[in-house]
There are 2 protein chains.
Amino acid sequence: MPPSKKTHHRRYRKPQTQTAPHQTATASLHDGFLRFLPLGGCGEVTRSCYVYEYKDDIVIIDAGLQWPEEDMPGIDYLIPNVSWLIPKRKNIRGIIITHGHYDHIGAIPHLLDPLGHPPVYATALTRGMILKRQEDFPEVKKPKIEIINAGSKIKLGDLSAEFFHVNHNIPDSVGVFLKTPAGNVVHTGDWKFDHSPVNERPADIARLREIAKEGVMLLVSDSTDAEIEGHQISETEVQQTLEQTFQEAPGRIIAATFASLLTRIQQLIWLSEKYNRKVLIEGSSMKSNVAVAQELGYLKIKRGTFITQQELDRFPENRVTIVCTGAQGEDRAVLMRIANNEHRAISLKKNDSIIFSSSVIPGNEATVQRLKDILYKRAGKIYHQASMDIHAGGHAKREELRQMVEIVGPKYFIPIHGNYFMLRLHADLAVASGVKSEHAVIAEDGDIIMMNRHEVKRTQEKAPISLVMVDGLGVGDVREVVLRDRQHLAEDGIFVVIALVDSKTGKIRTSPDIISRGFIYLRESQQMLREVRIKVKEVVERTTTSGPRPINWTHLRDNLRESIGQFLYNKTERRPMVLPVVIEV
Amino acid sequence: MPPSKKTHHRRYRKPQTQTAPHQTATASLHDGFLRFLPLGGCGEVTRSCYVYEYKDDIVIIDAGLQWPEEDMPGIDYLIPNVSWLIPKRKNIRGIIITHGHYDHIGAIPHLLDPLGHPPVYATALTRGMILKRQEDFPEVKKPKIEIINAGSKIKLGDLSAEFFHVNHNIPDSVGVFLKTPAGNVVHTGDWKFDHSPVNERPADIARLREIAKEGVMLLVSDSTDAEIEGHQISETEVQQTLEQTFQEAPGRIIAATFASLLTRIQQLIWLSEKYNRKVLIEGSSMKSNVAVAQELGYLKIKRGTFITQQELDRFPENRVTIVCTGAQGEDRAVLMRIANNEHRAISLKKNDSIIFSSSVIPGNEATVQRLKDILYKRAGKIYHQASMDIHAGGHAKREELRQMVEIVGPKYFIPIHGNYFMLRLHADLAVASGVKSEHAVIAEDGDIIMMNRHEVKRTQEKAPISLVMVDGLGVGDVREVVLRDRQHLAEDGIFVVIALVDSKTGKIRTSPDIISRGFIYLRESQQMLREVRIKVKEVVERTTTSGPRPINWTHLRDNLRESIGQFLYNKTERRPMVLPVVIEV
């Protein structure tokens, strides 16, 4: 996923809580039970953050961010609301990170301080990605990250965790086998079964079968593709499709993908080497990810493959591949800048072949269409998903999801990492694959599920989950009311009326001033403005001369807001935000 | 497509023109040439409006509206910019409407006055839809609509038009065979070839073959699905899929689709009759479309099939079908209101089966996902596209597009009704199907293409195409600057600073007032507000006491805007719109 547009440090502010703080006294009621609590990811395919609690031991899996939705203008991203954890932070034994994508690591810099700097556990590449992001937050103490591997075992209070290898579209992804006194848990992280993956081995199904033999109380599994039939295509097939482009392209190849799709980037590099092309990596987030992965040995690149912007023109067009960000049509990403001729070093050429290699995130379709329009006007050939399937998603489809349930054979099942409808479809699938209907539980963010080998049940308690938004330097200071104002302003703009009122006579001094933005083209609306001024004068004098003394200024402002709002609506059928400024003189 | 949220009348304002008005003197240069000019639809899959001009005769095909894009907050819809036509409106021989969808008829009420009320030609159902919409514009003189049929021929000055039957997802759709002294034109309108359509006959391929024999200079064809391989599925197949739901559903069926998808609505009615269900039509736009179509005999409904809201509870759940609007997740449409429990007569029940029967328009995916979340929480079974293909699109896919080119065998080809990339793919397809490469011409909105039997060429002239936006009662009064302000306000809100300045001393009187919306949660930002007030005082006094006399108020306002803007950015990394109000006292 693309990084935030702003990369400076942010201060954490304790988020507003929706419900009363957790009463520690209730904990004793749950003795002998494992409690599962999603703080993100159960209701959305992002912002992953799952909490496991057994008595006085808490383990957190993932701490991701969420990119804002359409109706959140100006917001950079959202992070999990951890208010529930703060009073019991001394119990947190660790944060386990399953892989290096931002929707799993992005909230770490914001949560370390409030959670009291618990140890973080991650594989080497994931650790590299976390530390890279941490550089944007120099004021936050660096996390202590212990490197784990598939196969490692760690102790977390009375709990312990072992890691198993899964496939995803970033290397070094793991699932977690969590052993607790209440029972064993398999938590998949983001996963798929790729039997012929690129640059890594297939998911460790053999180990999953052994784990199953130990008895699994609970399976917690990724629901992203729970409505898609079939099996995810293998990265090897993707590579074959990509290779066609390399065989055909007459000039440069420009391949756009996510900065974090390291597997795809590796494929593009290998194909470039095979077809004797140099590679330029463009986009700061992609560059830094590649640097981290290369340094740690997760990307295999021959000496001399990479070139710099300055070297670009030294090579013939058919000897160059540009791998860049922007496949979702993001405004400031590299591909859009190239398309719009705003990139300082790269402009489109008629012979260029362009590859979009990532699936379109729901909501981005219109933007991608606009980008394609621009590209078709200016480039040679475009390869995109509708005409050839260049993208293997990172998530298991229904066939693999069924397989996972059957291999692990859990008593209970909780679907995660999905919109509600995906969770529901996944739960139904688990039931069809052998889980008892009453044992497939849908937990939404904030729900607390309690279980042991004998029973699984919901608690009455709900953790606070009001949204915590990051906007510029502020964390949690944009409240729903601010967002509602932004939406209102966007719809019909603002209309400020400034009236100087003589506090003795109650009469208006000079003609009222009017400032308006986003409402109407004022220069062509002089007649209406004249009428508004007359109306303002009328309202002021009616209110101040007939009403009680001293003048009730609040009442006057309310009257103005309402009368002018209604007047503008009658004239235009729009409802700008009316701000009356009444100044006593 | 869904109707506008606001339905009152609107005044037309002459839109801003980007280029100089058309010089009639140049017309003589083009003697003997036919000119083709898209005013909408060539660059977007909507807002259809195509102009054909031969000497002093102008024929317009379609006059549609466009729903706003994501970055047009508050806008109801856009209409074609007809400034180019206004000076030559006496030459307009008629407006031909190919079918009754809003993106083909929606601009008619706005364009009749400026275009001098030319005659409108439409089939009976299309005419019914136009007159229905016209009821929302009581102040505009009703159009003179002459009813045409597939097979009718009309005279339009030196031009003439004949109509041929095509399939689409609304009945009574036609294509136009336009005969001009410069050559013959086939203009398809929106179309597909359905060999087993529902409630109508297959497209008239036989007539197209005869037309081809007369020689076709130009084919102008619908590009909506130009990137999709294969042949559009038939409405008969759709019906079979729908029928499964009727066989399985244990309780009510709630089927959401577009208000104008009359073919789908007919299918749902027939299936309900077959399975002994009563039908409730919900949603005012759908109700009025159904009323028009029923009155004109385009919907076949048995007496006693339709029931009212009041009768709903008299029938067992498995004897009821509700057909309604809202399949795109539109906020105020029926399905969303039912899902949110905001509908006064219908609430979801656990046994309900819900059908989404329309493809998701690009840009609506995230909204549809949210709607599905709500429905999955509260209804029984959901049938949607990912799990079964219930929707046949209304547009020809690549195989049909090829067939059309091959049947008509035109000399020239112009793709319409598409984003640029679709036009390009369609043009390439036409070339692969026999059109010479230099004869497949991409025209974008405003481009004027000139042709006769010997040559086709672009003119230097470009018609003005600046966007004409309808917002509430205003047409064309929201300019790009207003829209930019709305976008800016949405991003970071507004910050109004009110300073009373003594015009003699240049000093500030009382502490400056601050009003802010959509920027930051003010109640928690008191410290920052204090600092802003000090800063304002500082800027005012620095400017007024050191600067020239009399005080330069404009300069003071500029200083305040810049200094306070910078100050807020440093504190928050946000850029609210800063409005300084300086009042001399």
# chains A, B, ... in the order shown; residues from 1 in each chain; ligands from 1
>>> closest_atom_pairs(of="chain B", to="chain A", cutoff="7 Å", atoms="only C-alpha atoms", output="CSV")
residue,atom,partner,partner_atom,distance
B:Pro73,CA,A:Glu491,CA,5.0
B:Gly74,CA,A:Glu491,CA,3.9
B:Glu227,CA,A:Ala386,CA,6.9
B:Pro362,CA,A:Glu365,CA,5.3
B:Gly363,CA,A:Ala366,CA,5.0
B:Asn364,CA,A:Gly363,CA,6.5
B:Glu365,CA,A:Pro362,CA,5.3
B:Ala366,CA,A:Gly363,CA,5.0
B:Lys372,CA,A:Phe421,CA,6.2
B:Asp373,CA,A:Phe421,CA,4.8
B:Tyr376,CA,A:Phe421,CA,5.5
B:Ala386,CA,A:Glu227,CA,6.9
B:Asn419,CA,A:Asp373,CA,6.5
B:Tyr420,CA,A:Asp373,CA,5.0
B:Phe421,CA,A:Asp373,CA,4.8
B:Gly472,CA,A:Glu573,CA,4.6
B:Leu473,CA,A:Thr572,CA,5.0
B:Gly474,CA,A:Thr572,CA,6.3
B:Asp477,CA,A:Tyr521,CA,5.7
B:Val478,CA,A:Ile520,CA,5.6
B:Arg479,CA,A:Tyr521,CA,6.4
B:Val482,CA,A:Gly518,CA,4.4
B:Leu483,CA,A:Gly518,CA,6.1
B:Asp485,CA,A:Gly518,CA,4.8
B:Arg486,CA,A:Ala490,CA,4.6
B:Gln487,CA,A:Ala490,CA,6.1
B:Leu489,CA,A:Leu489,CA,5.9
B:Ala490,CA,A:Arg486,CA,4.6
B:Glu491,CA,A:Gly74,CA,3.9
B:Asp492,CA,A:Gly74,CA,5.7
B:Gly493,CA,A:Arg486,CA,5.8
B:Arg517,CA,A:Asp485,CA,6.0
B:Gly518,CA,A:Val482,CA,4.4
B:Phe519,CA,A:Val482,CA,6.5
B:Ile520,CA,A:Val478,CA,5.6
B:Tyr521,CA,A:Asp477,CA,5.8
B:Thr572,CA,A:Leu473,CA,5.0
B:Glu573,CA,A:Gly472,CA,4.6
B:Arg574,CA,A:Gly472,CA,5.9
>>> residues_around(residues="Asn167 in chain A", least_positions_apart="4", cutoff="6 Å", atoms="only C-alpha atoms", output="mmCIF file with N, CA and C atoms, in the first residue's frame")
data_model
loop_
_atom_site.group_PDB
_atom_site.id
_atom_site.type_symbol
_atom_site.label_atom_id
_atom_site.label_comp_id
_atom_site.auth_asym_id
_atom_site.auth_seq_id
_atom_site.Cartn_x
_atom_site.Cartn_y
_atom_site.Cartn_z
ATOM 1 N N TRP A 191 -2.593 -14.542 4.350
ATOM 2 C CA TRP A 191 -1.967 -15.752 3.817
ATOM 3 C C TRP A 191 -2.652 -16.237 2.551
ATOM 4 N N LYS A 192 -1.905 -17.051 1.814
ATOM 5 C CA LYS A 192 -2.452 -17.905 0.753
ATOM 6 C C LYS A 192 -1.546 -19.125 0.669
ATOM 7 N N PHE A 193 -2.041 -20.167 0.033
ATOM 8 C CA PHE A 193 -1.217 -21.342 -0.242
ATOM 9 C C PHE A 193 -0.725 -21.221 -1.668
ATOM 10 N N ALA A 203 3.839 -22.424 1.579
ATOM 11 C CA ALA A 203 3.396 -22.356 2.976
ATOM 12 C C ALA A 203 3.600 -23.718 3.643
#
>>> select_by_dssp(residues="range 368-515 of chain A", states="helix (DSSP H, G or I)", output="VMD selection string")
chain A and resid 368 to 378 398 to 408 420 to 432 437 to 439 480 to 492
>>> residues_around(residues="Lys537 in chain B", least_positions_apart="2", cutoff="10 Å", atoms="only C-alpha atoms", output="ChimeraX atom specification")
/B:499,501,507-512,532-535,539-543,560
>>> write_last_selection(atoms="N, CA and C atoms", output="CSV table (one decimal), in the first residue's frame")
chain,number,residue,atom,x,y,z
B,499,ALA,N,-10.6,40.8,13.4
B,499,ALA,CA,-9.8,41.8,14.1
B,499,ALA,C,-10.4,43.1,14.0
B,501,VAL,N,-9.7,46.9,14.2
B,501,VAL,CA,-8.5,47.7,14.2
B,501,VAL,C,-8.8,49.2,14.3
B,507,LYS,N,-3.9,50.1,16.2
B,507,LYS,CA,-3.8,49.1,17.2
B,507,LYS,C,-5.1,48.3,17.2
B,508,ILE,N,-5.0,47.1,17.7
B,508,ILE,CA,-6.1,46.1,17.7
B,508,ILE,C,-7.0,46.4,18.9
B,509,ARG,N,-8.3,46.4,18.7
B,509,ARG,CA,-9.2,46.6,19.8
B,509,ARG,C,-9.7,45.3,20.3
B,510,THR,N,-9.7,45.1,21.5
B,510,THR,CA,-10.2,43.8,22.2
B,510,THR,C,-9.4,42.6,21.5
B,511,SER,N,-9.6,41.5,22.1
B,511,SER,CA,-8.9,40.3,21.6
B,511,SER,C,-9.5,39.8,20.3
B,512,PRO,N,-8.8,39.4,19.3
B,512,PRO,CA,-9.4,39.0,18.0
B,512,PRO,C,-10.3,37.8,18.3
B,532,VAL,N,-2.5,32.0,18.6
B,532,VAL,CA,-2.9,32.6,17.3
B,532,VAL,C,-3.3,34.1,17.6
B,533,ARG,N,-4.0,34.3,18.7
B,533,ARG,CA,-4.5,35.7,19.0
B,533,ARG,C,-3.3,36.6,19.2
B,534,ILE,N,-2.3,36.1,19.9
B,534,ILE,CA,-1.1,36.9,20.1
B,534,ILE,C,-0.5,37.2,18.7
B,535,LYS,N,-0.4,36.2,17.9
B,535,LYS,CA,0.2,36.3,16.5
B,535,LYS,C,-0.6,37.4,15.7
B,539,VAL,N,0.9,40.7,14.1
B,539,VAL,CA,0.9,41.0,12.6
B,539,VAL,C,0.2,42.3,12.3
B,540,VAL,N,-0.9,42.5,13.0
B,540,VAL,CA,-1.7,43.8,12.7
B,540,VAL,C,-0.8,45.0,13.1
B,541,GLU,N,-0.2,44.9,14.3
B,541,GLU,CA,0.5,46.1,14.7
B,541,GLU,C,1.8,46.3,14.0
B,542,ARG,N,2.4,45.3,13.6
B,542,ARG,CA,3.6,45.4,12.8
B,542,ARG,C,3.3,46.1,11.5
B,543,THR,N,2.2,45.6,10.9
B,543,THR,CA,1.8,46.1,9.6
B,543,THR,C,1.3,47.5,9.6
B,560,LEU,N,-2.1,38.9,7.2
B,560,LEU,CA,-2.7,38.0,8.2
B,560,LEU,C,-2.9,36.7,7.6
>>> atom_distance(atom1="CA of Gly189 in chain B", atom2="CA of Ser221 in chain B")
6.9 Å
>>> atom_distance(atom1="CA of Gly175 in chain A", atom2="CA of Ile79 in chain A")
22.1 Å
>>> atom_distance(atom1="CA of Glu444 in chain B", atom2="CA of Ala463 in chain B")
10.5 Å
>>> residues_around(residues="range 407-411 of chain B", least_positions_apart="2", cutoff="7 Å", atoms="only C-alpha atoms", output="PyMOL selection string")
chain B and resi 208-209+212+216-219+403-405+413+435+439
>>> write_last_selection(atoms="N, CA, C and O atoms", output="PDB file, in the first residue's frame")
ATOM      1  N   LEU B 208     -29.760  -3.693 -40.690  1.00  0.00           N
ATOM      2  CA  LEU B 208     -28.387  -3.172 -40.740  1.00  0.00           C
ATOM      3  C   LEU B 208     -27.666  -3.667 -41.987  1.00  0.00           C
ATOM      4  O   LEU B 208     -26.896  -2.936 -42.619  1.00  0.00           O
ATOM      5  N   ARG B 209     -27.923  -4.926 -42.345  1.00  0.00           N
ATOM      6  CA  ARG B 209     -27.273  -5.470 -43.544  1.00  0.00           C
ATOM      7  C   ARG B 209     -27.748  -4.722 -44.790  1.00  0.00           C
ATOM      8  O   ARG B 209     -26.972  -4.434 -45.699  1.00  0.00           O
ATOM      9  N   ALA B 212     -26.188  -1.370 -44.924  1.00  0.00           N
ATOM     10  CA  ALA B 212     -24.797  -1.509 -45.365  1.00  0.00           C
ATOM     11  C   ALA B 212     -24.710  -1.509 -46.893  1.00  0.00           C
ATOM     12  O   ALA B 212     -23.773  -0.941 -47.478  1.00  0.00           O
ATOM     13  N   VAL B 216     -22.169   2.889 -46.252  1.00  0.00           N
ATOM     14  CA  VAL B 216     -22.101   3.688 -45.031  1.00  0.00           C
ATOM     15  C   VAL B 216     -20.745   4.384 -44.974  1.00  0.00           C
ATOM     16  O   VAL B 216     -19.699   3.737 -45.002  1.00  0.00           O
ATOM     17  N   MET B 217     -20.800   5.711 -44.941  1.00  0.00           N
ATOM     18  CA  MET B 217     -19.556   6.475 -44.850  1.00  0.00           C
ATOM     19  C   MET B 217     -18.980   6.379 -43.430  1.00  0.00           C
ATOM     20  O   MET B 217     -17.790   6.195 -43.244  1.00  0.00           O
ATOM     21  N   LEU B 218     -19.869   6.489 -42.443  1.00  0.00           N
ATOM     22  CA  LEU B 218     -19.382   6.617 -41.059  1.00  0.00           C
ATOM     23  C   LEU B 218     -20.209   5.748 -40.115  1.00  0.00           C
ATOM     24  O   LEU B 218     -21.434   5.805 -40.124  1.00  0.00           O
ATOM     25  N   LEU B 219     -19.502   4.984 -39.278  1.00  0.00           N
ATOM     26  CA  LEU B 219     -20.159   4.274 -38.179  1.00  0.00           C
ATOM     27  C   LEU B 219     -19.742   4.932 -36.861  1.00  0.00           C
ATOM     28  O   LEU B 219     -18.543   5.128 -36.612  1.00  0.00           O
ATOM     29  N   GLN B 403     -18.660  -7.521 -34.700  1.00  0.00           N
ATOM     30  CA  GLN B 403     -19.756  -7.886 -35.603  1.00  0.00           C
ATOM     31  C   GLN B 403     -20.385  -6.633 -36.211  1.00  0.00           C
ATOM     32  O   GLN B 403     -20.655  -6.587 -37.408  1.00  0.00           O
ATOM     33  N   MET B 404     -20.621  -5.632 -35.386  1.00  0.00           N
ATOM     34  CA  MET B 404     -21.255  -4.400 -35.873  1.00  0.00           C
ATOM     35  C   MET B 404     -20.397  -3.769 -36.976  1.00  0.00           C
ATOM     36  O   MET B 404     -20.915  -3.384 -38.023  1.00  0.00           O
ATOM     37  N   VAL B 405     -19.096  -3.669 -36.735  1.00  0.00           N
ATOM     38  CA  VAL B 405     -18.215  -3.073 -37.748  1.00  0.00           C
ATOM     39  C   VAL B 405     -18.270  -3.897 -39.034  1.00  0.00           C
ATOM     40  O   VAL B 405     -18.367  -3.356 -40.142  1.00  0.00           O
ATOM     41  N   PHE B 413     -14.787   5.432 -39.023  1.00  0.00           N
ATOM     42  CA  PHE B 413     -15.311   4.938 -37.747  1.00  0.00           C
ATOM     43  C   PHE B 413     -14.991   5.937 -36.640  1.00  0.00           C
ATOM     44  O   PHE B 413     -13.855   6.387 -36.508  1.00  0.00           O
ATOM     45  N   VAL B 435     -11.551  -1.410 -40.928  1.00  0.00           N
ATOM     46  CA  VAL B 435     -11.489   0.035 -41.190  1.00  0.00           C
ATOM     47  C   VAL B 435     -10.019   0.435 -41.326  1.00  0.00           C
ATOM     48  O   VAL B 435      -9.174  -0.049 -40.577  1.00  0.00           O
ATOM     49  N   HIS B 439      -8.703   6.046 -40.984  1.00  0.00           N
ATOM     50  CA  HIS B 439     -10.142   6.332 -41.037  1.00  0.00           C
ATOM     51  C   HIS B 439     -10.855   6.055 -39.711  1.00  0.00           C
ATOM     52  O   HIS B 439     -12.053   6.266 -39.601  1.00  0.00           O
TER      53      HIS B 439
END
>>> residues_around(residues="Val176 in chain A", least_positions_apart="4", cutoff="9 Å", atoms="only C-alpha atoms", output="list in words")
Ile61, Ile96, Thr98, Ala161, Glu162, Phe163, Phe164, Val185, Val186, His187, Thr188 and Gly189 of chain A
>>> write_last_selection(atoms="C-alpha atoms", output="PDB file, in the first residue's frame")
ATOM      1  CA  ILE A  61      -0.868  -9.517  17.005  1.00  0.00           C
ATOM      2  CA  ILE A  96       3.808  -9.974  17.269  1.00  0.00           C
ATOM      3  CA  THR A  98       2.964 -11.157  11.006  1.00  0.00           C
ATOM      4  CA  ALA A 161       4.045 -18.628  20.438  1.00  0.00           C
ATOM      5  CA  GLU A 162       5.504 -20.564  17.560  1.00  0.00           C
ATOM      6  CA  PHE A 163       5.611 -19.236  14.001  1.00  0.00           C
ATOM      7  CA  PHE A 164       4.851 -21.010  10.760  1.00  0.00           C
ATOM      8  CA  VAL A 185      -4.852 -20.971  18.794  1.00  0.00           C
ATOM      9  CA  VAL A 186      -3.827 -20.789  15.133  1.00  0.00           C
ATOM     10  CA  HIS A 187      -3.782 -17.167  13.927  1.00  0.00           C
ATOM     11  CA  THR A 188      -3.033 -17.111  10.188  1.00  0.00           C
ATOM     12  CA  GLY A 189      -2.088 -13.507   9.507  1.00  0.00           C
TER      13      GLY A 189
END
>>> residues_around(residues="range 45-57 of chain B", least_positions_apart="5", cutoff="6 Å", atoms="only C-alpha atoms", output="short mmCIF file (atom, residue, chain, number, x, y, z; two decimals) with all heavy atoms, in the first residue's frame")
data_model
loop_
_atom_site.label_atom_id
_atom_site.label_comp_id
_atom_site.auth_asym_id
_atom_site.auth_seq_id
_atom_site.Cartn_x
_atom_site.Cartn_y
_atom_site.Cartn_z
N LEU B 34 -19.74 16.89 -44.05
CA LEU B 34 -20.52 16.67 -42.84
C LEU B 34 -19.59 16.91 -41.66
O LEU B 34 -18.43 16.49 -41.69
CB LEU B 34 -21.04 15.22 -42.80
CG LEU B 34 -21.76 14.80 -41.51
CD1 LEU B 34 -23.09 15.52 -41.38
CD2 LEU B 34 -21.95 13.29 -41.47
N ARG B 35 -20.10 17.59 -40.64
CA ARG B 35 -19.27 17.80 -39.44
C ARG B 35 -19.88 17.05 -38.26
O ARG B 35 -21.09 17.09 -38.06
CB ARG B 35 -19.15 19.29 -39.14
CG ARG B 35 -18.73 20.06 -40.41
CD ARG B 35 -17.87 21.24 -40.11
NE ARG B 35 -18.57 22.27 -39.39
CZ ARG B 35 -17.95 23.26 -38.77
NH1 ARG B 35 -16.62 23.34 -38.78
NH2 ARG B 35 -18.64 24.19 -38.16
N PHE B 36 -19.00 16.38 -37.52
CA PHE B 36 -19.43 15.63 -36.33
C PHE B 36 -18.77 16.25 -35.11
O PHE B 36 -17.56 16.48 -35.10
CB PHE B 36 -19.02 14.16 -36.45
CG PHE B 36 -19.23 13.38 -35.17
CD1 PHE B 36 -20.50 12.92 -34.82
CD2 PHE B 36 -18.17 13.11 -34.31
CE1 PHE B 36 -20.71 12.21 -33.65
CE2 PHE B 36 -18.37 12.40 -33.13
CZ PHE B 36 -19.64 11.95 -32.79
N LEU B 37 -19.57 16.52 -34.09
CA LEU B 37 -19.05 17.18 -32.88
C LEU B 37 -19.69 16.56 -31.64
O LEU B 37 -20.89 16.68 -31.43
CB LEU B 37 -19.41 18.68 -32.94
CG LEU B 37 -19.44 19.46 -31.62
CD1 LEU B 37 -18.05 19.52 -30.99
CD2 LEU B 37 -19.95 20.89 -31.86
N PRO B 38 -18.90 15.87 -30.80
CA PRO B 38 -19.46 15.40 -29.53
C PRO B 38 -19.39 16.51 -28.47
O PRO B 38 -18.33 17.12 -28.30
CB PRO B 38 -18.55 14.23 -29.15
CG PRO B 38 -17.25 14.50 -29.85
CD PRO B 38 -17.52 15.41 -31.02
N LEU B 39 -20.51 16.79 -27.82
CA LEU B 39 -20.51 17.77 -26.72
C LEU B 39 -20.53 17.05 -25.37
O LEU B 39 -20.57 17.67 -24.31
CB LEU B 39 -21.70 18.71 -26.84
CG LEU B 39 -21.64 19.68 -28.02
CD1 LEU B 39 -22.91 20.53 -28.09
CD2 LEU B 39 -20.40 20.58 -27.92
N GLY B 40 -20.51 15.73 -25.41
CA GLY B 40 -20.48 14.92 -24.21
C GLY B 40 -20.48 13.48 -24.66
O GLY B 40 -20.96 13.18 -25.75
N ASP B 62 -29.29 12.84 -28.80
CA ASP B 62 -29.25 12.71 -27.34
C ASP B 62 -28.83 14.00 -26.62
O ASP B 62 -28.11 14.83 -27.17
CB ASP B 62 -28.36 11.53 -26.90
CG ASP B 62 -28.97 10.18 -27.29
OD1 ASP B 62 -30.21 10.10 -27.36
OD2 ASP B 62 -28.21 9.22 -27.51
N ALA B 63 -29.35 14.14 -25.42
CA ALA B 63 -29.06 15.32 -24.60
C ALA B 63 -29.11 14.85 -23.14
O ALA B 63 -30.07 15.06 -22.43
CB ALA B 63 -30.09 16.41 -24.86
N GLY B 64 -28.01 14.19 -22.73
CA GLY B 64 -28.01 13.52 -21.43
C GLY B 64 -27.30 14.30 -20.35
O GLY B 64 -26.59 15.27 -20.59
N LEU B 65 -27.48 13.83 -19.13
CA LEU B 65 -26.76 14.44 -18.01
C LEU B 65 -25.68 13.48 -17.52
O LEU B 65 -25.62 12.32 -17.93
CB LEU B 65 -27.72 14.78 -16.87
CG LEU B 65 -28.55 13.68 -16.20
CD1 LEU B 65 -27.73 12.79 -15.30
CD2 LEU B 65 -29.67 14.34 -15.39
N GLN B 66 -24.82 13.99 -16.66
CA GLN B 66 -23.75 13.18 -16.06
C GLN B 66 -23.84 13.33 -14.55
O GLN B 66 -23.91 14.45 -14.04
CB GLN B 66 -22.39 13.69 -16.55
CG GLN B 66 -21.21 13.05 -15.83
CD GLN B 66 -19.85 13.57 -16.32
OE1 GLN B 66 -19.78 14.46 -17.17
NE2 GLN B 66 -18.79 13.02 -15.78
N ASN B 91 -30.62 26.77 -36.98
CA ASN B 91 -30.34 25.66 -37.91
C ASN B 91 -30.68 24.28 -37.36
O ASN B 91 -30.60 23.28 -38.07
CB ASN B 91 -28.85 25.65 -38.28
CG ASN B 91 -28.45 26.88 -39.09
OD1 ASN B 91 -29.32 27.65 -39.51
ND2 ASN B 91 -27.15 27.07 -39.28
N ASP B 103 -28.82 9.54 -18.81
CA ASP B 103 -27.60 10.04 -19.45
C ASP B 103 -27.81 10.30 -20.95
O ASP B 103 -26.87 10.67 -21.65
CB ASP B 103 -26.39 9.12 -19.18
CG ASP B 103 -26.61 7.70 -19.65
OD1 ASP B 103 -27.76 7.26 -19.72
OD2 ASP B 103 -25.61 7.02 -19.96
N HIS B 104 -29.06 10.14 -21.40
CA HIS B 104 -29.40 10.49 -22.79
C HIS B 104 -30.55 11.50 -22.88
O HIS B 104 -30.68 12.18 -23.89
CB HIS B 104 -29.75 9.21 -23.58
CG HIS B 104 -28.56 8.32 -23.75
ND1 HIS B 104 -27.84 8.20 -24.91
CD2 HIS B 104 -27.91 7.53 -22.84
CE1 HIS B 104 -26.82 7.38 -24.73
NE2 HIS B 104 -26.84 6.96 -23.48
N GLY B 157 -34.29 18.94 -42.68
CA GLY B 157 -33.62 19.81 -43.65
C GLY B 157 -33.13 18.96 -44.80
O GLY B 157 -33.86 18.11 -45.31
N HIS B 417 -19.33 7.26 -26.48
CA HIS B 417 -19.84 6.70 -25.23
C HIS B 417 -18.75 5.89 -24.51
O HIS B 417 -18.89 4.69 -24.30
CB HIS B 417 -21.06 5.81 -25.53
CG HIS B 417 -22.06 5.76 -24.39
ND1 HIS B 417 -22.08 4.76 -23.46
CD2 HIS B 417 -23.07 6.59 -24.05
CE1 HIS B 417 -23.06 4.98 -22.59
NE2 HIS B 417 -23.68 6.08 -22.92
N GLY B 418 -17.69 6.60 -24.15
CA GLY B 418 -16.61 5.90 -23.45
C GLY B 418 -15.58 6.86 -22.89
O GLY B 418 -15.46 8.00 -23.36
#
>>> residues_around(residues="Gln294 in chain A", least_positions_apart="2", cutoff="12 Å", atoms="only C-alpha atoms", output="ChimeraX atom specification")
/A:124-125,128-129,171,262,265-266,269,286-292,296-303,306
>>> select_by_dssp(residues="range 366-487 of chain B", states="strand (DSSP E)", output="VMD selection string")
chain B and resid 381 to 383 412 to 416 447 to 451 456 to 462 468 to 471 474 to 475
